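Peer 1: Below you will find the structure I want to go over with you.
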Amino acid sequence: MRAWQAVRPGKSQDVLELKTDVPKVGTTLMDDEVLVKVISTSLNPVDPKTFGDGVTKFVRRFPIIPGCDFAGRLVKAGSKIDHLREGTLVWGRVDPLTRNGVLAEYVVAKGGNTVQIPEGVKPDSAATLGVAAGTALIALRDARVGQKIFVNGGSGGVGVFTLQIAKHKGLRVVASCSTANIDLCKSLGADEVLDYKAGGDILQQMKARGDLFDHFIDNVGNDMSLYKRSREFVRPEGSFVQVGLTPKVNDIANVVGNFVTPSFFGGGRASYRLIGTGDKLQVFYELSDLLKNGHIDPVIDSVYEFEQAKEAFAKLDSGRARGKIIVHVNPE
């Protein structure tokens with residue numbers, strides 16, 4: 001089968017190669033697995049980190065087919081899968097650390113991470129949900145109607161879903177983004193937007209406002225000291241949710257420090273949560289319902305064909321994508 005592989009650790013433009021002779025996956029399936037012919041996939045910031053030059057290079061075996069999110073047609077299902085029918089359109093997600101990701105003609109996924117695409121929803125839209133929307137939904141689990149949240153990075157892949165789900169839950173939302181994306185964030189549900197380019201340092205802007213937030217969601221992850229300084233802008237009984245994270249040793253050490261450093265030694269006062277996507281089937285059903293009922297509308301930055309996957313990764317690596325980047329694999 002055709003597949004894009006990272007043949008060694010490194011930057012996407014240096015290590016991704018299109019192969020045409022990769023052994024087809026799914027010749028045998030576990031009872032809880034499904035084989036899917038991939039139609040579309042969307043890229044996530046975690047994808048290049050799975051084969052990059054961080055700590056992953058010491059623990060991964062290469063080559064690796066990258067990618068987590070997919071939409072496609074179910075080819076075969078294991079004996080324990082009773083919520084899906086062969087031949088139907090499905091969407092889902094595979095583990096970021098798998099060696100056989102979704103940038104391939106076929107992918108094997110867990111049945112518990114795969115659901116049917118709602119009627120009327122296009123595969124491109126469904127392919128955006130797995131990592132980004134799932135992370136946003138989990139990040140907002142503890143938020144309650146009327147609470148005030150800050151979304152650091154409102155225009156990225158996770159941010160655009162965070163804003164929409166937050167507004168659906170009845171939250172008051174303040175977000176950060178660049179000047180070019182202010183209108184986008186407001187259209188998605190942000191009540192106020194802080195411009196990190198024109199307005200300068202986000203922390204200084206928040207301190208100047210004197211606001212205290214119930215929840216702070218960090219989708220950016222480029223400043224691991226934010227939590228220790230969060231006592232200046234997050235309520236003591238609130239939460240700091242870490243979404244964005246690099247695989248650099250120093251950043252991982254800072255995250256560990258955030259968990260173990262007490263507030264009287266300079267740590268944050270609010271609870272600290274490091275989150276990822278939800279693995280329960282119910283999360284996937286919730287996201288399907290949100291999409292079907294119009295409570296979330298995927299923001300698609302750009303669409304690439306399979307042969308252009310390296311260009312898609314270049315756009316992802318630039319950090320300038322507004323929403324999600326789609327790659328067509330086997331378009332129908």
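Identifiers for the structure tokens are assigned positionally: chains receive A, B, ... in sequence, residues are indexed from 1 per chain, and ligands are indexed from 1 in the order shown.
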For Ile165 in chain A, work out the shell of residues within 9 Å, counting only C-alpha atoms and skipping chain neighbours fewer than 6 positions away, then give it as a list in words.

Peer 2: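 Counting only C-alpha atoms, the residues come to Ala133, Ala136, Leu137, Leu140, Gly189, Leu290, His295 and Ile296 of chain A.
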
Peer 1: Quick one: residues within 8 Å of range 19-24 of chain A, only C-alpha atoms counted, chain neighbours fewer than 3 positions away excluded, as a list in words?

Peer 2: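 With the cut-off at 8 Å, the set is Met1, Arg2, Ala3, Trp4, Gln5, Thr27 and Tyr106 of chain A.
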
Peer 1: Restricting it to all heavy atoms, dump the selection as a compact mmCIF listing (two decimals), in the first residue's frame.

Peer 2:
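part_14.txt, written as the output of this step:
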# COMPACT_ATOMS: atom_id res chain seq x y z
N MET A 1 0.84 -1.18 0.00
CA MET A 1 0.00 0.00 0.00
C MET A 1 0.88 1.24 0.00
O MET A 1 2.06 1.19 0.37
CB MET A 1 -0.94 0.02 1.22
CG MET A 1 -0.25 0.23 2.55
SD MET A 1 -1.43 0.36 3.93
CE MET A 1 -0.30 0.69 5.29
N ARG A 2 0.28 2.36 -0.40
CA ARG A 2 1.01 3.63 -0.36
C ARG A 2 0.91 4.22 1.04
O ARG A 2 -0.14 4.17 1.68
CB ARG A 2 0.43 4.61 -1.38
CG ARG A 2 0.58 4.18 -2.83
CD ARG A 2 0.29 5.34 -3.75
NE ARG A 2 -0.98 5.99 -3.44
CZ ARG A 2 -1.30 7.24 -3.76
NH1 ARG A 2 -0.44 8.00 -4.39
NH2 ARG A 2 -2.48 7.74 -3.47
N ALA A 3 2.00 4.80 1.48
CA ALA A 3 2.01 5.41 2.81
C ALA A 3 3.17 6.40 2.89
O ALA A 3 4.22 6.22 2.24
CB ALA A 3 2.15 4.35 3.90
N TRP A 4 2.97 7.43 3.69
CA TRP A 4 4.06 8.35 4.03
C TRP A 4 4.73 7.84 5.29
O TRP A 4 4.06 7.50 6.27
CB TRP A 4 3.53 9.76 4.27
CG TRP A 4 3.25 10.51 2.99
CD1 TRP A 4 2.06 10.57 2.33
CD2 TRP A 4 4.18 11.29 2.25
NE1 TRP A 4 2.19 11.35 1.20
CE2 TRP A 4 3.48 11.81 1.13
CE3 TRP A 4 5.52 11.62 2.40
CZ2 TRP A 4 4.09 12.63 0.17
CZ3 TRP A 4 6.13 12.43 1.45
CH2 TRP A 4 5.43 12.93 0.36
N GLN A 5 6.06 7.77 5.26
CA GLN A 5 6.82 7.29 6.40
C GLN A 5 7.88 8.31 6.81
O GLN A 5 8.51 8.93 5.96
CB GLN A 5 7.51 5.95 6.09
CG GLN A 5 6.57 4.78 5.91
CD GLN A 5 7.33 3.49 5.67
OE1 GLN A 5 8.42 3.48 5.10
NE2 GLN A 5 6.76 2.38 6.13
N THR A 27 -4.27 -7.49 7.82
CA THR A 27 -4.47 -8.87 7.33
C THR A 27 -5.04 -9.76 8.43
O THR A 27 -5.79 -10.71 8.16
CB THR A 27 -3.16 -9.44 6.80
OG1 THR A 27 -2.14 -9.30 7.80
CG2 THR A 27 -2.72 -8.71 5.54
N TYR A 106 -4.66 2.47 4.21
CA TYR A 106 -5.46 1.74 5.18
C TYR A 106 -4.87 1.94 6.58
O TYR A 106 -3.66 2.14 6.73
CB TYR A 106 -5.49 0.24 4.87
CG TYR A 106 -6.18 -0.10 3.57
CD1 TYR A 106 -5.47 -0.12 2.38
CD2 TYR A 106 -7.55 -0.40 3.54
CE1 TYR A 106 -6.10 -0.42 1.17
CE2 TYR A 106 -8.18 -0.71 2.35
CZ TYR A 106 -7.46 -0.72 1.16
OH TYR A 106 -8.09 -1.01 -0.02

Peer 1: Using DSSP assignments from the backbone, pull out every residue in range 55-217 of chain A that falls under strand (DSSP E or B) and give it to me as number ranges by chain.

Peer 2: A: 64-65, 69-77, 89-93, 100, 104, 106-110, 114-116, 148-152, 172-177, 192-195, 213-217

Peer 1: At a cut-off of 12 Å, using only C-alpha atoms, what residues contact Gly92 in chain A? Leave out same-chain residues fewer than 5 positions from it and give the result as a PyMOL selection string.

Peer 2: chain A and resi 33-36+38-42+67-74+101-102+107-117+123+125-134+277-281+283-285+287-288

Peer 1: Here is a test: counting only C-alpha atoms, which residue of A:Val220, A:Val173, A:Val121, A:Ile182 is nearest to Gly294 in chain A?

Peer 2: A:Val121

Peer 1: A:Leu188, A:Ser239, A:Phe62, A:Asn181: which is nearest Ala143 in chain A, counting only C-alpha atoms?

Peer 2: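 Nearest to Ala143 in chain A: A:Ser239.
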
Peer 1: Give me, as a ChimeraX atom specification, all polymer residues having an atom no more than 9 Å from Gly157 in chain A, counting only C-alpha atoms and skipping those fewer than 4 positions away in the same chain.

Peer 2: /A:43-45,128,131-133,161,299-300,321-325

Peer 1: Leaving out Ala198 in chain A and any residue of its chain fewer than 2 positions from it, which residues lie within 8 Å of it when counting only C-alpha atoms, given as a list in words?

Peer 2: Ser178, Thr179, Asp195, Tyr196 and Gly200 of chain A

Peer 1: Expressed in Å to a single decimal, how great is the separation between CA of Val303 in chain A and CA of Ile326 in chain A?

Peer 2: 4.7 Å

Peer 1: Restricting the calculation to only C-alpha atoms: of A:Gly10, A:Gly26, A:Pro118, A:Gly154, which residue gets closest to Glu105 in chain A?

Peer 2: A:Gly26

Peer 1: Which is closest to Asn219 in chain A among A:Thr162, A:Leu194, A:Arg231, A:Asp183, if we use only C-alpha atoms?

Peer 2: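 Smallest distance to Asn219 in chain A is found for A:Thr162.
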
Peer 1: Give the answer as one residue: which of A:Ser155, A:Gln282, A:Ser230, A:Ser187 has the shortest atom-to-atom distance to Leu212 in chain A, using only C-alpha atoms?

Peer 2: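 Selected residue with least distance to Leu212 in chain A: A:Ser230.
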